[in-house]
file data.txt (compact mmCIF, C-alpha atoms)
# COMPACT_ATOMS: atom_id res chain seq x y z
CA MET A 36 25.43 0.39 18.63
CA THR A 37 27.64 1.57 21.47
CA THR A 38 29.97 3.99 19.76
CA MET A 39 28.25 4.49 16.45
CA GLN A 40 24.61 4.95 15.61
CA SER A 41 23.91 1.95 13.37
CA GLU A 42 22.28 2.64 10.02
CA PRO A 43 18.66 1.66 10.26
CA ASP A 44 17.23 -0.55 7.55
CA ASP A 45 20.45 -2.21 6.50
CA ARG A 46 22.92 -2.79 9.30
CA GLY A 47 20.14 -3.37 11.79
CA PRO A 48 19.81 -6.51 13.93
CA GLU A 49 19.35 -9.92 12.28
CA PRO A 50 15.77 -10.83 11.41
CA HIS A 51 13.98 -13.50 13.41
CA TRP A 52 10.42 -14.65 14.16
CA THR A 53 8.38 -14.65 17.33
CA LEU A 54 4.72 -15.03 18.23
CA ALA A 55 5.01 -11.80 20.19
CA GLY A 56 6.00 -10.13 16.92
CA LEU A 57 2.85 -11.44 15.26
CA SER A 58 0.62 -9.86 17.88
CA GLN A 59 2.68 -6.67 17.90
CA GLY A 60 2.15 -6.37 14.14
CA LEU A 61 -1.56 -6.86 14.65
CA ARG A 62 -1.65 -4.15 17.30
CA LEU A 63 0.36 -1.72 15.17
CA VAL A 64 -2.05 -1.98 12.25
CA LEU A 65 -5.19 -1.64 14.40
CA PRO A 66 -5.67 2.13 13.86
CA VAL A 67 -6.27 1.68 10.16
CA LEU A 68 -8.45 -1.45 10.30
CA PRO A 69 -11.77 0.45 10.52
CA GLY A 70 -10.80 2.35 7.38
CA VAL A 71 -9.75 -0.88 5.67
CA ALA A 72 -13.09 -2.40 6.64
CA VAL A 73 -15.20 0.33 5.07
CA PHE A 74 -12.98 0.42 1.98
CA GLY A 75 -13.31 -3.37 1.57
CA ALA A 76 -17.05 -3.17 2.04
CA ALA A 77 -17.16 -0.49 -0.65
CA PHE A 78 -15.40 -2.89 -3.00
CA GLY A 79 -17.95 -5.60 -2.19
CA ALA A 80 -20.81 -3.23 -2.93
CA VAL A 81 -19.34 -2.10 -6.25
CA ALA A 82 -18.59 -5.71 -7.22
CA ALA A 83 -22.24 -6.60 -6.65
CA GLN A 84 -23.35 -3.68 -8.82
CA LYS A 85 -20.96 -4.71 -11.59
CA GLY A 86 -22.43 -8.21 -11.69
CA LEU A 87 -19.70 -10.28 -10.12
CA SER A 88 -21.04 -13.38 -8.44
CA PHE A 89 -20.67 -13.61 -4.68
CA SER A 90 -17.89 -16.17 -4.91
CA GLU A 91 -16.05 -14.18 -7.57
CA ALA A 92 -16.02 -11.08 -5.37
CA VAL A 93 -14.75 -13.08 -2.40
CA LEU A 94 -12.17 -14.87 -4.55
CA MET A 95 -10.85 -11.54 -5.82
CA SER A 96 -10.49 -10.12 -2.32
CA THR A 97 -8.83 -13.33 -1.17
CA ILE A 98 -6.19 -13.86 -3.86
CA VAL A 99 -5.70 -10.37 -5.34
CA PHE A 100 -6.04 -8.59 -1.98
CA ALA A 101 -5.12 -5.12 -3.23
CA GLY A 102 -7.91 -2.60 -2.77
CA ALA A 103 -7.03 0.12 -5.25
CA SER A 104 -6.48 -2.34 -8.10
CA GLN A 105 -9.69 -4.19 -7.28
CA LEU A 106 -11.70 -0.98 -7.50
CA VAL A 107 -9.96 0.03 -10.73
CA ALA A 108 -10.71 -3.43 -12.16
CA MET A 109 -14.39 -2.85 -11.42
CA GLU A 110 -14.27 0.17 -13.72
CA ILE A 111 -13.34 -1.98 -16.70
CA TRP A 112 -15.06 -5.23 -15.68
CA SER A 113 -17.69 -6.64 -18.02
CA GLY A 114 -20.08 -9.55 -17.87
CA HIS A 115 -18.85 -10.47 -21.32
CA MET A 116 -15.34 -11.57 -20.45
CA THR A 117 -13.05 -11.91 -23.47
CA LEU A 118 -9.42 -12.91 -23.64
CA GLY A 119 -8.57 -9.31 -24.53
CA LEU A 120 -10.36 -8.04 -21.46
CA ILE A 121 -8.62 -10.58 -19.24
CA THR A 122 -5.28 -9.38 -20.58
CA THR A 123 -6.27 -5.76 -20.03
CA LEU A 124 -7.35 -6.50 -16.45
CA ALA A 125 -4.05 -8.23 -15.72
CA LEU A 126 -2.02 -5.36 -17.19
CA VAL A 127 -3.98 -2.62 -15.44
CA THR A 128 -3.69 -4.53 -12.16
CA ALA A 129 0.06 -4.88 -12.67
CA VAL A 130 0.45 -1.14 -13.26
CA VAL A 131 -1.70 -0.11 -10.29
CA ASN A 132 0.20 -2.52 -8.05
CA MET A 133 3.66 -1.83 -9.41
CA ARG A 134 4.43 0.14 -6.25
CA MET A 135 4.53 -3.27 -4.50
CA LEU A 136 7.62 -4.05 -6.55
CA LEU A 137 9.34 -1.16 -4.81
CA MET A 138 7.85 -1.99 -1.43
CA SER A 139 9.09 -5.56 -1.49
CA ALA A 140 12.48 -4.41 -2.80
CA SER A 141 12.81 -2.15 0.22
CA LEU A 142 12.30 -5.15 2.52
CA ARG A 143 15.32 -7.02 1.17
CA PRO A 144 17.99 -5.40 3.38
CA TRP A 145 16.01 -6.45 6.45
CA LEU A 146 14.62 -9.86 5.48
CA GLY A 147 17.46 -10.94 3.19
CA PRO A 148 19.16 -13.18 5.78
CA LEU A 149 15.99 -15.25 6.26
CA PRO A 150 15.56 -18.42 4.15
CA PRO A 151 13.48 -17.75 0.98
CA TRP A 152 10.80 -20.32 1.89
CA GLN A 153 9.95 -18.15 4.89
CA VAL A 154 10.00 -14.82 3.08
CA TYR A 155 8.16 -15.43 -0.20
CA PRO A 156 4.95 -16.86 1.27
CA MET A 157 4.82 -13.91 3.66
CA LEU A 158 5.28 -11.43 0.80
CA THR A 159 2.10 -12.72 -0.90
CA VAL A 160 0.00 -10.99 1.74
CA ILE A 161 1.79 -7.65 2.14
CA THR A 162 -0.23 -4.47 1.62
CA ASP A 163 0.51 -0.76 1.78
CA MET A 164 -0.73 -0.66 5.36
CA SER A 165 1.31 -3.56 6.71
CA TRP A 166 4.38 -2.55 4.71
CA ILE A 167 4.53 0.96 6.12
CA ASN A 168 4.09 -0.44 9.63
CA ALA A 169 6.94 -2.84 9.12
CA ILE A 170 9.18 -0.15 7.62
CA ARG A 171 8.62 2.14 10.55
CA TYR A 172 9.16 -0.70 13.01
CA ARG A 173 12.46 -1.51 11.27
CA ARG A 174 13.54 2.15 11.25
CA GLN A 175 13.05 2.17 14.99
CA GLY A 176 15.45 -0.73 15.37
CA GLY A 177 13.10 -3.72 15.21
CA ALA A 178 14.07 -7.06 13.66
CA ASP A 179 11.12 -9.40 14.23
CA ALA A 180 9.67 -10.48 10.85
CA GLY A 181 6.56 -11.60 12.73
CA VAL A 182 5.54 -7.93 12.91
CA LEU A 183 5.20 -7.72 9.13
CA LEU A 184 3.34 -11.03 8.94
CA GLY A 185 1.03 -10.15 11.84
CA ALA A 186 0.12 -6.79 10.36
CA SER A 187 -0.42 -8.31 6.90
CA LEU A 188 -2.61 -11.13 8.17
CA ALA A 189 -4.65 -8.71 10.29
CA VAL A 190 -5.51 -6.66 7.19
CA TRP A 191 -6.27 -9.80 5.17
CA ILE A 192 -8.51 -11.25 7.87
CA VAL A 193 -10.55 -8.03 7.87
CA TRP A 194 -10.51 -7.51 4.09
CA VAL A 195 -12.14 -10.78 3.04
CA PRO A 196 -15.19 -10.79 5.39
CA VAL A 197 -15.97 -7.10 4.81
CA THR A 198 -16.13 -7.86 1.10
CA VAL A 199 -18.97 -10.21 2.00
CA PHE A 200 -20.76 -7.55 4.07
CA GLY A 201 -20.40 -4.99 1.33
CA TYR A 202 -21.57 -7.40 -1.33
CA LEU A 203 -24.69 -8.33 0.63
CA GLY A 204 -25.34 -5.03 2.36
CA GLY A 205 -24.26 -2.61 -0.06
CA ALA A 206 -25.55 0.47 -1.62
CA LEU A 207 -24.88 2.68 1.42
CA ILE A 208 -21.13 2.28 1.18
CA ALA A 209 -20.76 2.02 -2.57
CA ASP A 210 -19.31 5.52 -2.60
CA PRO A 211 -16.19 5.59 -0.40
CA ARG A 212 -15.79 9.30 -1.16
CA ARG A 213 -18.77 10.08 0.98
CA PHE A 214 -16.88 9.14 4.13
CA GLY A 215 -13.56 10.53 3.03
CA LEU A 216 -12.34 7.00 2.51
CA ASP A 217 -10.78 7.70 -0.84
CA LEU A 218 -8.26 9.53 1.33
CA ILE A 219 -7.67 6.76 3.85
CA VAL A 220 -4.31 5.73 2.37
CA PRO A 221 -2.88 9.30 2.22
CA ILE A 222 -4.20 10.01 5.72
CA TYR A 223 -2.71 6.86 7.18
CA PHE A 224 0.58 7.29 5.35
CA VAL A 225 1.04 10.85 6.57
CA ALA A 226 0.37 9.76 10.14
CA MET A 227 2.83 6.89 9.81
CA LEU A 228 5.45 8.96 8.02
CA MET A 229 5.82 11.69 10.61
CA PRO A 230 7.66 9.63 13.23
CA ILE A 231 10.26 8.51 10.65
CA TRP A 232 11.00 12.01 9.36
CA PRO A 233 14.73 11.68 8.61
CA GLY A 234 15.71 15.33 9.09
CA PRO A 235 15.97 18.01 6.39
CA ARG A 236 19.10 16.78 4.63
CA ARG A 237 17.99 13.19 4.23
CA ALA A 238 14.55 14.37 3.21
CA ILE A 239 15.95 15.58 -0.13
CA PRO A 240 14.91 12.29 -1.78
CA TRP A 241 11.39 12.84 -0.44
CA ALA A 242 11.25 16.25 -2.09
CA VAL A 243 12.56 14.84 -5.37
CA ALA A 244 10.02 11.99 -5.22
CA GLY A 245 7.18 14.43 -4.57
CA LEU A 246 8.15 16.83 -7.34
CA VAL A 247 8.65 14.15 -9.98
CA ALA A 248 5.40 12.43 -8.99
CA LEU A 249 3.49 15.72 -9.27
CA VAL A 250 4.88 16.46 -12.71
CA VAL A 251 4.38 12.92 -14.05
CA GLU A 252 0.83 12.84 -12.70
CA ARG A 253 0.07 15.91 -14.81
CA VAL A 254 1.68 14.59 -17.97
CA VAL A 255 1.20 10.82 -18.03
CA PRO A 256 -2.22 9.25 -17.49
CA GLY A 257 -2.62 6.36 -15.07
CA TRP A 258 -0.61 5.35 -12.05
CA TRP A 259 2.90 5.76 -13.36
CA PHE A 260 3.48 8.81 -11.17
CA ILE A 261 4.02 6.58 -8.13
CA ILE A 262 6.73 4.52 -9.82
CA CYS A 263 8.47 7.48 -11.48
CA GLY A 264 8.41 9.60 -8.32
CA ALA A 265 9.57 6.78 -6.06
CA LEU A 266 12.42 5.75 -8.36
CA ALA A 267 13.56 9.36 -8.77
CA GLY A 268 13.54 9.79 -5.00
CA ALA A 269 15.47 6.58 -4.39
CA VAL A 270 18.08 7.34 -7.05
CA SER A 271 18.62 10.84 -5.67
CA GLY A 272 18.97 9.21 -2.25
CA GLY A 273 21.92 7.28 -3.61
CA PHE A 274 23.69 10.54 -4.33
CA VAL A 275 22.86 12.53 -1.21
CA ASP A 276 25.74 12.86 1.20
CA ASP A 277 24.12 11.67 4.41
CA ARG A 278 26.96 12.20 6.84
CA LYS A 279 25.64 14.14 9.76
CA MET B 79 -24.22 -26.37 -20.70
CA THR B 80 -25.29 -23.06 -22.21
CA ALA B 81 -23.08 -20.22 -23.37
CA ASN B 82 -23.83 -18.39 -20.13
CA ASP B 83 -22.19 -21.11 -18.08
CA VAL B 84 -18.86 -20.34 -19.70
CA LEU B 85 -18.80 -16.76 -18.44
CA PRO B 86 -18.24 -17.42 -14.72
CA TYR B 87 -15.29 -19.56 -15.66
CA ALA B 88 -13.82 -16.69 -17.71
CA ALA B 89 -14.38 -14.35 -14.75
CA VAL B 90 -12.45 -16.71 -12.48
CA LEU B 91 -9.68 -16.78 -15.05
CA ALA B 92 -9.62 -12.98 -15.06
CA ILE B 93 -9.38 -12.91 -11.27
CA CYS B 94 -6.54 -15.43 -11.33
CA ALA B 95 -4.73 -13.31 -13.93
CA MET B 96 -5.14 -10.25 -11.69
CA SER B 97 -3.81 -12.23 -8.74
CA ALA B 98 -0.80 -13.44 -10.72
CA ALA B 99 -0.02 -9.87 -11.81
CA THR B 100 -0.24 -8.63 -8.22
CA GLN B 101 1.85 -11.45 -6.75
CA LEU B 102 4.48 -10.88 -9.41
CA MET B 103 4.85 -7.37 -8.01
CA ARG B 104 4.75 -8.48 -4.37
CA LEU B 105 7.51 -11.06 -4.88
CA GLY B 106 9.37 -9.47 -7.79
CA GLY B 107 10.99 -6.52 -6.07
CA TYR B 108 12.37 -8.66 -3.28
CA TRP B 109 13.60 -11.27 -5.75
CA LEU B 110 15.22 -8.63 -7.95
CA MET B 111 17.15 -7.15 -5.04
CA GLY B 112 18.69 -10.57 -4.45
CA HIS B 113 20.07 -10.53 -7.99
CA VAL B 114 21.69 -7.12 -8.14
CA PRO B 115 24.87 -6.40 -6.21
CA ILE B 116 24.07 -4.28 -3.15
CA THR B 117 26.78 -1.62 -3.42
CA PRO B 118 26.95 1.16 -0.83
CA ARG B 119 25.16 3.42 -3.32
CA MET B 120 22.44 0.84 -3.91
CA ARG B 121 22.09 0.52 -0.15
CA LYS B 122 21.48 4.25 0.15
CA MET B 123 18.93 4.11 -2.66
CA LEU B 124 17.09 1.27 -0.95
CA GLU B 125 17.13 3.27 2.25
CA ALA B 126 15.58 6.29 0.53
CA LEU B 127 13.02 4.11 -1.25
CA PRO B 128 10.25 3.71 1.37
CA GLY B 129 9.89 7.43 2.07
CA SER B 130 10.02 8.12 -1.66
CA VAL B 131 7.24 5.60 -2.39
CA ILE B 132 5.08 7.18 0.27
CA VAL B 133 5.59 10.77 -0.83
CA ALA B 134 5.15 9.88 -4.52
CA LEU B 135 1.91 8.12 -3.69
CA VAL B 136 0.45 10.68 -1.31
CA LEU B 137 1.38 14.10 -2.71
CA PRO B 138 -0.29 13.89 -6.17
CA VAL B 139 -3.44 12.40 -4.64
CA VAL B 140 -3.62 15.21 -2.09
CA VAL B 141 -3.00 17.95 -4.64
CA LYS B 142 -5.50 16.46 -7.09
CA THR B 143 -8.17 16.08 -4.42
CA GLY B 144 -7.80 19.70 -3.33
CA PRO B 145 -9.11 21.46 -0.20
CA THR B 146 -10.69 18.36 1.37
CA ALA B 147 -7.33 16.61 1.31
CA TYR B 148 -5.44 19.70 2.50
CA PHE B 149 -7.68 20.00 5.54
CA ALA B 150 -7.63 16.26 6.26
CA VAL B 151 -3.85 15.93 5.96
CA GLY B 152 -3.33 19.17 7.88
CA ALA B 153 -5.48 17.81 10.70
CA VAL B 154 -3.48 14.58 10.73
CA ILE B 155 -0.20 16.50 11.00
CA VAL B 156 -1.46 18.72 13.83
CA SER B 157 -2.86 15.69 15.62
CA MET B 158 0.42 13.77 15.31
CA LEU B 159 2.43 16.77 16.53
CA LEU B 160 0.24 17.17 19.61
CA ARG B 161 -0.31 13.51 20.41
CA ARG B 162 1.66 10.73 18.83
CA ASN B 163 -1.38 8.54 18.44
CA GLU B 164 -2.10 7.10 14.97
CA PHE B 165 -5.55 5.92 16.03
CA LEU B 166 -6.53 9.48 16.90
CA ALA B 167 -4.80 10.97 13.87
CA VAL B 168 -6.48 8.64 11.36
CA GLY B 169 -9.86 9.14 13.04
CA ILE B 170 -9.51 12.92 12.94
CA GLY B 171 -8.29 12.83 9.34
CA VAL B 172 -11.24 10.77 8.13
CA ALA B 173 -13.67 12.86 10.20
CA VAL B 174 -12.35 16.10 8.72
CA ALA B 175 -12.55 14.65 5.20
CA THR B 176 -16.13 13.51 5.79
CA LEU B 177 -17.12 16.93 7.16
CA CYS B 178 -15.55 18.65 4.17
CA ARG B 179 -17.54 16.40 1.84
CA ILE B 180 -20.77 17.04 3.74
CA TYR B 181 -20.22 20.78 3.44
CA GLY B 182 -19.47 20.33 -0.22
CA LEU B 183 -15.81 21.32 -0.42
call {"tool": "encode", "arguments": {"input": "data.txt", "output": "structure tokens"}}
result
Amino acid sequence: MTTMQSEPDDRGPEPHWTLAGLSQGLRLVLPVLPGVAVFGAAFGAVAAQKGLSFSEAVLMSTIVFAGASQLVAMEIWSGHMTLGLITTLALVTAVVNMRMLLMSASLRPWLGPLPPWQVYPMLTVITDMSWINAIRYRRQGGADAGVLLGASLAVWIVWVPVTVFGYLGGALIADPRRFGLDLIVPIYFVAMLMPIWPGPRRAIPWAVAGLVALVVERVVPGWWFIICGALAGAVSGGFVDDRK
Amino acid sequence: MTANDVLPYAAVLAICAMSAATQLMRLGGYWLMGHVPITPRMRKMLEALPGSVIVALVLPVVVKTGPTAYFAVGAVIVSMLLRRNEFLAVGIGVAVATLCRIYGL
């Protein structure tokens, strides 16, 4: 670090764990928790309307714990659950959540040195919100894996109880659009992205990702635009000359 | 046991299948990266990946949503430029989006 600016994200400091990191992660994710809460409550309300039992709604929030896919699942949910429908639900969920494949891949350069038994359990609770916090923290030179875990657990601890509130309280928040909450992820991501703006040259992958995603979104139905755009951006990043 | 009693069990099965699909994604990317050689080029791709995921996720949603999203995201950007406070920025963004919806944009 003395003579040469170290490359963030890969040649950064060795990962470790501290309790301070846990609480730092929690603090970092605080700004988005109110939005998460209303979004989760909206899921609870919709689940009640669609005829899920109370425990089914809570179980889904607990072990699936991925808001967008839970709401999409409610669109195709039916009281008459067949094997075909179960398969469809699993496939749709996989497609909606495929971005997590890329998110967890991007954590490898940082967390790779940690033993797998520490990493994999933690990965089961990552979300968009905690991931972007951790990425930004890493870009700014951080190494404490507790930050990712703290942020993830904070979101999870909010997500499950608000499902209960939404399920019981409901109808008022059944439409997240009304409070602009369908935009909470874009809003939060833009806010989080600005401090890690890499400069115009290294933003070429961002432009490629955006363009490809826009085009694919027009042409291919569903959520593939995220995967196609992100992969295109990453691949182009491999070919950009990033010497300053 | 009536036929109706079988349904909740099938619902639980569906939820477990959804969970398995999601966890496969959460763990899979990390696992995969441990099984491909991390060449310098791969390293650069991984480094470009987070920003690419974010842009690919956000941009189409914003464009598809239209004016409400333009105003909300614009407000977030202005807010972050003036004060680097995510709390404030997210609050302003959601408030602007809500106002736009109230006024029927």
call {"tool": "closest_residue", "arguments": {"input": "data.txt", "among": "B:Ala98, B:Leu177, B:Ile170, B:Met103", "to": "chain A", "atoms": "all atoms listed in the file"}}
result
B:Met103
call {"tool": "closest_atom_pairs", "arguments": {"input": "data.txt", "of": "chain A", "to": "chain B", "cutoff": "7 Å", "atoms": "all atoms listed in the file", "output": "JSON lines"}}
result
{"residue": "A:Asp44", "atom": "CA", "partner": "B:Glu125", "partner_atom": "CA", "distance": 6.5}
{"residue": "A:Pro66", "atom": "CA", "partner": "B:Phe165", "partner_atom": "CA", "distance": 4.4}
{"residue": "A:Glu91", "atom": "CA", "partner": "B:Val90", "partner_atom": "CA", "distance": 6.6}
{"residue": "A:Met95", "atom": "CA", "partner": "B:Ile93", "partner_atom": "CA", "distance": 5.8}
{"residue": "A:Ile98", "atom": "CA", "partner": "B:Ser97", "partner_atom": "CA", "distance": 5.7}
{"residue": "A:Val99", "atom": "CA", "partner": "B:Ser97", "partner_atom": "CA", "distance": 4.3}
{"residue": "A:His115", "atom": "CA", "partner": "B:Leu85", "partner_atom": "CA", "distance": 6.9}
{"residue": "A:Met116", "atom": "CA", "partner": "B:Ala88", "partner_atom": "CA", "distance": 6.0}
{"residue": "A:Ile121", "atom": "CA", "partner": "B:Ala92", "partner_atom": "CA", "distance": 4.9}
{"residue": "A:Leu124", "atom": "CA", "partner": "B:Met96", "partner_atom": "CA", "distance": 6.5}
{"residue": "A:Ala125", "atom": "CA", "partner": "B:Met96", "partner_atom": "CA", "distance": 4.6}
{"residue": "A:Thr128", "atom": "CA", "partner": "B:Met96", "partner_atom": "CA", "distance": 5.9}
{"residue": "A:Ala129", "atom": "CA", "partner": "B:Ala99", "partner_atom": "CA", "distance": 5.1}
{"residue": "A:Asn132", "atom": "CA", "partner": "B:Thr100", "partner_atom": "CA", "distance": 6.1}
{"residue": "A:Met133", "atom": "CA", "partner": "B:Met103", "partner_atom": "CA", "distance": 5.8}
{"residue": "A:Met135", "atom": "CA", "partner": "B:Arg104", "partner_atom": "CA", "distance": 5.2}
{"residue": "A:Leu136", "atom": "CA", "partner": "B:Gly107", "partner_atom": "CA", "distance": 4.2}
{"residue": "A:Leu137", "atom": "CA", "partner": "B:Gly107", "partner_atom": "CA", "distance": 5.7}
{"residue": "A:Met138", "atom": "CA", "partner": "B:Pro128", "partner_atom": "CA", "distance": 6.8}
{"residue": "A:Ser139", "atom": "CA", "partner": "B:Tyr108", "partner_atom": "CA", "distance": 4.9}
{"residue": "A:Ala140", "atom": "CA", "partner": "B:Gly107", "partner_atom": "CA", "distance": 4.2}
{"residue": "A:Ser141", "atom": "CA", "partner": "B:Leu124", "partner_atom": "CA", "distance": 5.6}
{"residue": "A:Leu142", "atom": "CA", "partner": "B:Tyr108", "partner_atom": "CA", "distance": 6.8}
{"residue": "A:Arg143", "atom": "CA", "partner": "B:Tyr108", "partner_atom": "CA", "distance": 5.6}
{"residue": "A:Tyr155", "atom": "CA", "partner": "B:Leu105", "partner_atom": "CA", "distance": 6.4}
{"residue": "A:Leu158", "atom": "CA", "partner": "B:Arg104", "partner_atom": "CA", "distance": 6.0}
{"residue": "A:Thr159", "atom": "CA", "partner": "B:Gln101", "partner_atom": "CA", "distance": 6.0}
{"residue": "A:Arg213", "atom": "CA", "partner": "B:Thr176", "partner_atom": "CA", "distance": 6.5}
{"residue": "A:Phe214", "atom": "CA", "partner": "B:Thr176", "partner_atom": "CA", "distance": 4.7}
{"residue": "A:Gly215", "atom": "CA", "partner": "B:Ala175", "partner_atom": "CA", "distance": 4.8}
{"residue": "A:Leu216", "atom": "CA", "partner": "B:Val172", "partner_atom": "CA", "distance": 6.9}
{"residue": "A:Ile219", "atom": "CA", "partner": "B:Val172", "partner_atom": "CA", "distance": 6.9}
{"residue": "A:Pro221", "atom": "CA", "partner": "B:Val136", "partner_atom": "CA", "distance": 5.0}
{"residue": "A:Ile222", "atom": "CA", "partner": "B:Val151", "partner_atom": "CA", "distance": 5.9}
{"residue": "A:Tyr223", "atom": "CA", "partner": "B:Val168", "partner_atom": "CA", "distance": 5.9}
{"residue": "A:Phe224", "atom": "CA", "partner": "B:Ile132", "partner_atom": "CA", "distance": 6.8}
{"residue": "A:Ala226", "atom": "CA", "partner": "B:Glu164", "partner_atom": "CA", "distance": 6.0}
{"residue": "A:Pro240", "atom": "CA", "partner": "B:Ser130", "partner_atom": "CA", "distance": 6.4}
{"residue": "A:Trp241", "atom": "CA", "partner": "B:Ser130", "partner_atom": "CA", "distance": 5.1}
{"residue": "A:Ala244", "atom": "CA", "partner": "B:Ser130", "partner_atom": "CA", "distance": 5.3}
{"residue": "A:Gly245", "atom": "CA", "partner": "B:Ala134", "partner_atom": "CA", "distance": 5.0}
{"residue": "A:Ala248", "atom": "CA", "partner": "B:Ala134", "partner_atom": "CA", "distance": 5.2}
{"residue": "A:Leu249", "atom": "CA", "partner": "B:Pro138", "partner_atom": "CA", "distance": 5.2}
{"residue": "A:Glu252", "atom": "CA", "partner": "B:Pro138", "partner_atom": "CA", "distance": 6.7}
{"residue": "A:Phe260", "atom": "CA", "partner": "B:Ala134", "partner_atom": "CA", "distance": 6.9}
{"residue": "A:Ile261", "atom": "CA", "partner": "B:Ala134", "partner_atom": "CA", "distance": 5.0}
{"residue": "A:Gly264", "atom": "CA", "partner": "B:Ala134", "partner_atom": "CA", "distance": 5.0}
{"residue": "A:Ala265", "atom": "CA", "partner": "B:Val131", "partner_atom": "CA", "distance": 4.5}
{"residue": "A:Gly268", "atom": "CA", "partner": "B:Ser130", "partner_atom": "CA", "distance": 5.1}
{"residue": "A:Ala269", "atom": "CA", "partner": "B:Met123", "partner_atom": "CA", "distance": 4.6}
{"residue": "A:Val270", "atom": "CA", "partner": "B:Met123", "partner_atom": "CA", "distance": 5.5}
{"residue": "A:Gly272", "atom": "CA", "partner": "B:Met123", "partner_atom": "CA", "distance": 5.1}
{"residue": "A:Gly273", "atom": "CA", "partner": "B:Met123", "partner_atom": "CA", "distance": 4.5}
call {"tool": "axis_aligned_box", "arguments": {"input": "data.txt", "around": "region 242-254 of chain A", "padding_each_side": "3 Å", "output": "JSON"}}
result
{"center_x": 6.3, "center_y": 14.4, "center_z": -10.0, "size_x": 18.5, "size_y": 10.8, "size_z": 21.9}
call {"tool": "atom_distance", "arguments": {"input": "data.txt", "atom1": "CA of Leu228 (chain A)", "atom2": "CA of Val250 (chain A)"}}
result
22.1 Å
call {"tool": "closest_residue", "arguments": {"input": "data.txt", "among": "A:Asp210, A:Gly47, A:Val64, A:Ser113", "to": "Ala186 (chain A)", "atoms": "all atoms listed in the file"}}
result
A:Val64
call {"tool": "residues_around", "arguments": {"input": "data.txt", "residues": "Val130 (chain A)", "least_positions_apart": "4", "cutoff": "8 Å", "atoms": "only C-alpha atoms", "output": "PyMOL selection string"}}
result
chain A and resi 126+258-259
call {"tool": "write_last_selection", "arguments": {"input": "data.txt", "atoms": "C-alpha atoms", "output": "PDB file, in the coordinates of the input"}}
result
ATOM      1  CA  LEU A 126      -2.020  -5.360 -17.190  1.00  0.00           C
ATOM      2  CA  TRP A 258      -0.610   5.350 -12.050  1.00  0.00           C
ATOM      3  CA  TRP A 259       2.900   5.760 -13.360  1.00  0.00           C
TER       4      TRP A 259
END
call {"tool": "residues_around", "arguments": {"input": "data.txt", "residues": "Val93 (chain A)", "least_positions_apart": "5", "cutoff": "12 Å", "atoms": "only C-alpha atoms", "output": "mmCIF file with C-alpha atoms, keeping the file's coordinate frame"}}
result
data_model
loop_
_atom_site.group_PDB
_atom_site.id
_atom_site.type_symbol
_atom_site.label_atom_id
_atom_site.label_comp_id
_atom_site.auth_asym_id
_atom_site.auth_seq_id
_atom_site.Cartn_x
_atom_site.Cartn_y
_atom_site.Cartn_z
ATOM 1 C CA GLY A 75 -13.310 -3.370 1.570
ATOM 2 C CA ALA A 76 -17.050 -3.170 2.040
ATOM 3 C CA PHE A 78 -15.400 -2.890 -3.000
ATOM 4 C CA GLY A 79 -17.950 -5.600 -2.190
ATOM 5 C CA ALA A 80 -20.810 -3.230 -2.930
ATOM 6 C CA ALA A 82 -18.590 -5.710 -7.220
ATOM 7 C CA ALA A 83 -22.240 -6.600 -6.650
ATOM 8 C CA LEU A 87 -19.700 -10.280 -10.120
ATOM 9 C CA SER A 88 -21.040 -13.380 -8.440
ATOM 10 C CA ILE A 98 -6.190 -13.860 -3.860
ATOM 11 C CA VAL A 99 -5.700 -10.370 -5.340
ATOM 12 C CA PHE A 100 -6.040 -8.590 -1.980
ATOM 13 C CA GLN A 105 -9.690 -4.190 -7.280
ATOM 14 C CA TRP A 191 -6.270 -9.800 5.170
ATOM 15 C CA TRP A 194 -10.510 -7.510 4.090
ATOM 16 C CA VAL A 195 -12.140 -10.780 3.040
ATOM 17 C CA PRO A 196 -15.190 -10.790 5.390
ATOM 18 C CA VAL A 197 -15.970 -7.100 4.810
ATOM 19 C CA THR A 198 -16.130 -7.860 1.100
ATOM 20 C CA VAL A 199 -18.970 -10.210 2.000
ATOM 21 C CA PHE A 200 -20.760 -7.550 4.070
ATOM 22 C CA GLY A 201 -20.400 -4.990 1.330
ATOM 23 C CA TYR A 202 -21.570 -7.400 -1.330
ATOM 24 C CA LEU A 203 -24.690 -8.330 0.630
ATOM 25 C CA VAL B 90 -12.450 -16.710 -12.480
ATOM 26 C CA ILE B 93 -9.380 -12.910 -11.270
#
call {"tool": "residues_around", "arguments": {"input": "data.txt", "residues": "Val127 (chain A)", "least_positions_apart": "6", "cutoff": "9 Å", "atoms": "all atoms listed in the file", "output": "list of chain:residue names"}}
result
A:Ser104, A:Val107, A:Ala108, B:Met96
call {"tool": "atom_distance", "arguments": {"input": "data.txt", "atom1": "CA of Gly204 (chain A)", "atom2": "CA of Thr162 (chain A)"}}
result
25.1 Å
call {"tool": "atom_distance", "arguments": {"input": "data.txt", "atom1": "CA of Arg174 (chain A)", "atom2": "CA of Pro230 (chain A)"}}
result
9.7 Å
call {"tool": "residues_around", "arguments": {"input": "data.txt", "residues": "region 48-57 of chain A", "least_positions_apart": "4", "cutoff": "6 Å", "atoms": "only C-alpha atoms", "output": "list in words"}}
result
Ala178, Asp179, Ala180, Gly181, Val182 and Gly185 of chain A
call {"tool": "closest_residue", "arguments": {"input": "data.txt", "among": "A:Leu106, A:Leu149, A:Leu246, A:Met164", "to": "Val81 (chain A)", "atoms": "only C-alpha atoms"}}
result
A:Leu106
